[in-house]
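J.: What follows is structure-v4.tsv; its format and atoms are TSV, C-alpha atoms.
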chain	number	residue	atom	x	y	z
A	1	MET	CA	-183.95	-32.49	-36.71
A	2	PHE	CA	-187.25	-33.43	-38.33
A	3	ASP	CA	-189.81	-30.64	-38.19
A	4	ASP	CA	-193.27	-32.03	-37.44
A	5	LEU	CA	-194.95	-28.95	-38.88
A	6	ILE	CA	-193.12	-29.18	-42.22
A	7	HIS	CA	-193.28	-32.97	-42.36
A	8	GLN	CA	-196.95	-32.93	-43.46
A	9	PRO	CA	-196.86	-33.49	-47.28
A	10	VAL	CA	-198.78	-30.38	-48.40
A	11	ARG	CA	-196.73	-28.16	-46.08
A	12	LEU	CA	-193.50	-29.72	-47.28
A	13	ARG	CA	-194.51	-29.05	-50.90
A	14	LEU	CA	-195.44	-25.48	-49.98
A	15	MET	CA	-192.13	-24.82	-48.30
A	16	ILE	CA	-190.17	-26.28	-51.21
A	17	VAL	CA	-192.11	-24.17	-53.73
A	18	LEU	CA	-191.53	-21.05	-51.62
A	19	ASP	CA	-187.81	-21.75	-51.13
A	20	ARG	CA	-186.64	-19.94	-54.23
A	21	ASP	CA	-185.39	-16.54	-55.22
A	22	GLY	CA	-187.91	-14.14	-56.63
A	23	PRO	CA	-191.12	-12.48	-55.62
A	24	PRO	CA	-193.61	-14.04	-53.21
A	25	ALA	CA	-195.75	-16.79	-54.73
A	26	ASP	CA	-199.41	-16.07	-55.32
A	27	PHE	CA	-202.18	-18.22	-53.86
A	28	VAL	CA	-203.29	-19.53	-57.26
A	29	THR	CA	-199.77	-20.76	-58.08
A	30	LEU	CA	-199.44	-22.45	-54.69
A	31	ARG	CA	-202.82	-24.12	-55.12
A	32	ALA	CA	-201.77	-25.47	-58.52
A	33	GLN	CA	-198.38	-26.66	-57.23
A	34	THR	CA	-199.84	-28.47	-54.22
A	35	GLN	CA	-203.15	-29.56	-55.78
A	36	ALA	CA	-204.86	-28.52	-52.54
A	37	THR	CA	-208.32	-27.02	-52.22
A	38	ASP	CA	-208.62	-23.35	-51.28
A	39	GLY	CA	-209.69	-24.16	-47.72
A	40	ASN	CA	-207.04	-26.82	-47.23
A	41	LEU	CA	-204.30	-24.57	-48.60
A	42	GLY	CA	-205.48	-21.69	-46.44
A	43	SER	CA	-205.36	-23.77	-43.26
A	44	HIS	CA	-201.84	-25.04	-44.03
A	45	LEU	CA	-200.64	-21.52	-44.76
A	46	THR	CA	-202.15	-20.30	-41.50
A	47	ALA	CA	-200.28	-23.01	-39.56
A	48	LEU	CA	-197.01	-22.08	-41.27
A	49	GLU	CA	-197.63	-18.38	-40.65
A	50	LYS	CA	-198.33	-18.97	-36.93
A	51	ALA	CA	-194.98	-20.76	-36.68
A	52	GLY	CA	-193.25	-17.81	-38.35
A	53	TYR	CA	-192.23	-19.91	-41.37
A	54	VAL	CA	-194.09	-17.84	-43.96
A	55	GLU	CA	-195.37	-14.31	-44.36
A	56	ILE	CA	-198.78	-13.84	-45.94
A	57	ILE	CA	-199.16	-10.63	-47.92
A	58	LYS	CA	-202.64	-9.43	-48.84
A	59	ASP	CA	-203.00	-6.56	-51.27
A	60	PHE	CA	-204.82	-5.53	-54.43
A	61	LEU	CA	-203.84	-5.80	-58.08
A	62	HIS	CA	-206.06	-3.82	-60.44
A	63	ARG	CA	-208.68	-3.54	-57.69
A	64	ARG	CA	-208.76	-7.30	-57.19
A	65	PRO	CA	-207.69	-8.87	-53.89
A	66	ARG	CA	-204.46	-10.82	-54.09
A	67	THR	CA	-202.79	-13.13	-51.58
A	68	ARG	CA	-199.09	-13.81	-51.85
A	69	VAL	CA	-196.82	-15.86	-49.63
A	70	ALA	CA	-193.09	-15.57	-48.90
A	71	ILE	CA	-190.86	-17.89	-46.90
A	72	THR	CA	-189.14	-16.28	-43.89
A	73	ALA	CA	-185.57	-16.78	-42.74
A	74	LYS	CA	-186.90	-18.93	-39.89
A	75	GLY	CA	-188.90	-21.00	-42.37
A	76	ARG	CA	-185.93	-21.42	-44.69
A	77	ALA	CA	-183.76	-22.61	-41.77
A	78	ALA	CA	-186.45	-25.06	-40.64
A	79	LEU	CA	-186.79	-26.43	-44.18
A	80	ARG	CA	-183.03	-26.83	-44.55
A	81	GLY	CA	-182.85	-28.75	-41.25
A	82	HIS	CA	-185.78	-30.98	-42.20
A	83	LEU	CA	-184.31	-31.75	-45.64
A	84	ALA	CA	-180.93	-32.54	-44.06
A	85	GLU	CA	-182.63	-35.11	-41.81
A	86	LEU	CA	-184.44	-36.63	-44.79
A	87	ARG	CA	-181.15	-36.86	-46.71
A	88	ALA	CA	-179.44	-38.53	-43.74
A	89	LEU	CA	-182.27	-41.05	-43.51
A	90	ILE	CA	-182.04	-41.80	-47.24
A	91	ASP	CA	-178.26	-42.22	-46.92
A	92	GLN	CA	-178.78	-44.72	-44.08
A	93	VAL	CA	-181.22	-46.73	-46.18
A	94	ASP	CA	-178.82	-46.66	-49.13
A	95	ALA	CA	-175.99	-47.88	-46.91
A	96	ILE	CA	-178.12	-50.75	-45.60
A	97	GLU	CA	-179.15	-51.76	-49.11
A	98	LYS	CA	-175.51	-51.87	-50.22
A	99	THR	CA	-174.57	-54.38	-47.51
Would you mind writing the file's structure down as structure tokens?
T.:
Amino acid sequence: MFDDLIHQPVRLRLMIVLDRDGPPADFVTLRAQTQATDGNLGSHLTALEKAGYVEIIKDFLHRRPRTRVAITAKGRAALRGHLAELRALIDQVDAIEKT
């Protein structure tokens, strides 16, 4: 099923960037990957956090504040379902074009 929360382009990019093995992604990396402003990125991350799709981790590195973000199991499942729907839609279009 399509996920209206993930369907928004910046949120979809965020979820795809976060859906990888490894440590949580830092805010600066996410900003560069999505080309969003700080405020815009922050509001999208807040929406994803409220839905339980991401976890926001705030800590310090060498006395400097750092924000990192990790995808949750719920978020990963939602992304997988959304991508499956997108693939099915693309397959339908491909099938129509072949006829």
J.: Could you state the separation of CA of Ala73 (chain A) and CA of Asp21 (chain A) in Å, given to one decimal place?
T.: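 About the pair CA of Ala73 (chain A) and CA of Asp21 (chain A): they are 12.5 Å apart.
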J.: Given the point (-197.7, -10.3, -51.3) in the file's coordinates, find the residues that have an atom at most 9 Å from it, counting only C-alpha atoms, and give them as a list of chain:residue names.
T.: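 Residues close enough to count: A:Pro23, A:Pro24, A:Ala25, A:Asp26, A:Glu55, A:Ile56, A:Ile57, A:Lys58, A:Asp59, A:Arg66, A:Thr67, A:Arg68, A:Val69, A:Ala70.
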J.: Could you check how far CA of Tyr53 (chain A) sits from CA of Leu5 (chain A), in Å to one decimal?
T.: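 Answer for the CA of Tyr53 (chain A) to CA of Leu5 (chain A) separation: 9.8 Å.
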J.: Which is closer to Ser43 (chain A) than all the others in A:Arg11, A:Lys74, A:Arg80, A:Arg64, using all atoms listed in the file?
T.: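 Answer, going by the shortest atom-to-atom distance: A:Arg11.
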J.: If you measure from CA of Ala84 (chain A) to CA of Ile6 (chain A), what distance in Å do you get, rounded to one decimal?
T.: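 Pair CA of Ala84 (chain A) / CA of Ile6 (chain A) returns 12.8 Å.
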